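Novice: Here it is, the structure in full.
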Amino acid sequence: MSAAFASARDKLRNIKPPSRGVVIFTTVVGTFFGLVYRDRRLTEQVHEELRLRAAELANQPLASTDRVRKVAVYLMRPHPDDSIRTSRQIFAKYIKPVFDAAALDYDLVEAFEPGAVARHTQQTLAKKQRYVRWTDEDRMRALVLSTAQDDLQYFYRMQDYDAYVALGRKPFEEVLVGYQAGLQQARDEAVEDGVVAAATAQATAGRSTSWLRSLFGGSSSSPAPAESSSTAAEHPIDTISGYPLSLPAVAYLPLFTLKGLANFPKKMYRWFNKHEQARLLGTMALQIAEAAGTRPLSPVDFELGVTEFGMQLAAKAAGKPVGHADDSEPTLVQAYADFWPAPVPAHVKVAEAVQKLSAKYEAEQKAAVDAVSAQSILSSAGTQQLQAPHLATAPAAPAAEGAAEAGVESGFAPEPATPEEPVFEDPYAKNDEAKAAAAAKEDKAKAAEDRETERERKEKTKSELLKRYFVPKAVDARELVEVRAPIYDFGDKSLVV
């Protein structure tokens, strides 16, 4: 036993210690993989914890008449020199799993140009206010959709959002701008609908105006169903238009991006501690799914996200103060709308298509009428020619069997055969063709060069406008403060970027 132990001890003594390079290599590689393994395990634990908490929301019973909560998530590139893939990956890794586990419906809106988020927010918010003014009859019509007119008036509520989630500072700015514009549009439509409703009620007084009452019984002279008390209690009354408002909450989620050699230590720290970002964004997403922790919007919230790396980079490039919102111009200016025009609405496209088809049909009808008129003129001319044969042209003499016989019968000598003229090739024709081909090739090259110059000019203009756009702007949304629009309160988490 002692001999075996002594032999093993001698073998261990004979093993050479590792060199300095091997020790450094194994230490660095071991530390690297150890930190990566640790971060992966912690990230999995965070995901599992958030998934279990979100599953409680998904397992809650939902009545057949209730609607699943739905939010709109807005993504945009972090800064002009980055791609939207960065925002897309952050959403897919840290926010989407929580929404899916909580059975929260969402629409992912990716904005590639300024103004897209504001337009979407304005249109959907104005549409949401129309749902608030629905009566019981309107809700029944929306479920039945018995006629084509009902399909247009009571369309399915596909974009009835309960919250607007902005990932980053620029989408958050446009959400506030579109929110304010949507409220103004809803007020204009409410006043317009009120006038129309009053005129309709006066014209149909004393008659049954409800197909619902005629279907399920009731007095034909009973008034139209008024707004329920629950709706009036749930939705605040607008002080300007006097109509109830439905105000979805707004959420700002920070966008974590870094770039440059100076930020390399921060990037390495975040790369080895992704679980912190997963917990932060996942907790925010869970709070949105729970629809908890909202408060009225305040002017302090207009400064959220100005310290993001992309905003600091754009402000520094434009010579603006870093860490503050620029109040020299609004978030959206006319130059953006001129370079990125708004898409044509669907109903306008349909109207233009109908107009083109109508013009084409009228042109075809006119051409057919003109053809019939010309045919009648020609037919009438032929009829007159048949009625006056002496005005017709004398027929040509028949061809003679022989040259001599034809000459005798006609009284004229046969015409001599005309010799074929020799064909001479122009020696300058080929030169002219070569010159024309060279000129055409030169024109084609010039046109391609002009197109390339125009493309470069557009790219340069686009780059300048994007750099100007990504400077954080001061948002004047005092109207949202007055109507007490809700915003999710994440505490100091929104300030960590």
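Convention: chains lettered A, B, ... in structure tokens order; per-chain residue numbering from 1; ligands numbered from 1 as shown.
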Contacts of Val175 of chain A at 10 Å or less, counting only C-alpha atoms, minus same-chain residues fewer than 5 places along, as a CSV table (one decimal) with C-alpha atoms, in the first residue's frame?

Specialist:
chain,number,residue,atom,x,y,z
A,74,TYR,CA,-44.2,50.6,-31.4
A,115,GLY,CA,-44.7,60.2,-38.6
A,116,ALA,CA,-45.8,56.6,-38.9
A,117,VAL,CA,-46.3,56.1,-35.1
A,118,ALA,CA,-48.2,59.4,-34.7
A,119,ARG,CA,-50.5,58.6,-37.6
A,120,HIS,CA,-51.3,55.1,-36.3
A,121,THR,CA,-51.9,56.4,-32.8
A,122,GLN,CA,-54.2,59.2,-34.0
A,164,TYR,CA,-49.8,52.3,-26.3
A,165,VAL,CA,-46.4,50.8,-25.6
A,166,ALA,CA,-43.4,52.8,-26.9
A,169,ARG,CA,-37.7,57.8,-26.8
A,170,LYS,CA,-38.7,58.6,-30.4
A,180,GLN,CA,-53.2,64.6,-28.7
A,181,ALA,CA,-54.2,64.8,-32.4
A,250,VAL,CA,-49.3,55.1,-22.4
A,251,ALA,CA,-46.1,53.2,-21.5
A,252,TYR,CA,-42.5,54.1,-22.1

Novice: What lies within 12 Å of Ala317 of chain A using only C-alpha atoms, ignoring chain neighbours under 2 positions off, as a PyMOL selection string?

Specialist: chain A and resi 79-81+310-315+319-322+464+466-471

Novice: Give me, as a list in words, all polymer residues having an atom no more than 10 Å from Thr331 of chain A, counting only C-alpha atoms and skipping those fewer than 2 positions away in the same chain.

Specialist: Pro114, Gly115, Lys170, Glu173, Glu174, Val177, Asp326, Asp327, Ser328, Glu329, Val333, Tyr336, Arg468, Tyr469, Phe470, Val471, Pro472, Lys473, Ala474, Val475 and Asp476 of chain A

Novice: So, with only C-alpha atoms as the atoms that count, which of A:Ala163, A:Leu35, A:Leu286, A:Leu245 lies closest to Gln184 of chain A?

Specialist: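 Closest candidate: A:Leu245.
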
Novice: Do you know which residues are at most 10 Å from Asn273 of chain A counting only C-alpha atoms, after dropping those on the same chain fewer than 2 positions away, and could you put them as a PyMOL selection string?

Specialist: chain A and resi 35-36+38-40+42-43+267-271+275-278

Novice: Which residue out of A:Ala438, A:Gly21, A:Gln45, A:Arg484 has the minimum interatomic distance to Leu247 of chain A when only C-alpha atoms are used?

Specialist: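 With only C-alpha atoms as the atom set, the closest residue is A:Arg484.
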
Novice: Rank A:Asn14, A:Ala353, A:Ile487, A:Ala103 by their smallest atom-to-atom distance to Pro299 of chain A, using only C-alpha atoms, and report the top residue only.

Specialist: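 Among the listed residues, A:Ile487 lies closest to Pro299 of chain A.
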
Novice: Among the residues of segment 74-193 of chain A, find those DSSP assigns to alpha helix (DSSP H) from the backbone and print them as a VMD selection string.

Specialist: chain A and resid 84 to 90 96 to 101 116 to 132 136 to 144 148 to 153 169 to 193

Novice: Quick one: everything within 9 Å of Phe256 of chain A, counting only C-alpha atoms, minus sequence neighbours fewer than 2 positions away in the same chain. Send it as a list of chain:residue names.

Specialist: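 In the requested form, the answer reads A:Pro78, A:Ser87, A:Ile90, A:Gly168, A:Pro254, A:Leu258, A:Gln277, A:Glu308, A:Phe309, A:Val496, A:Val497.
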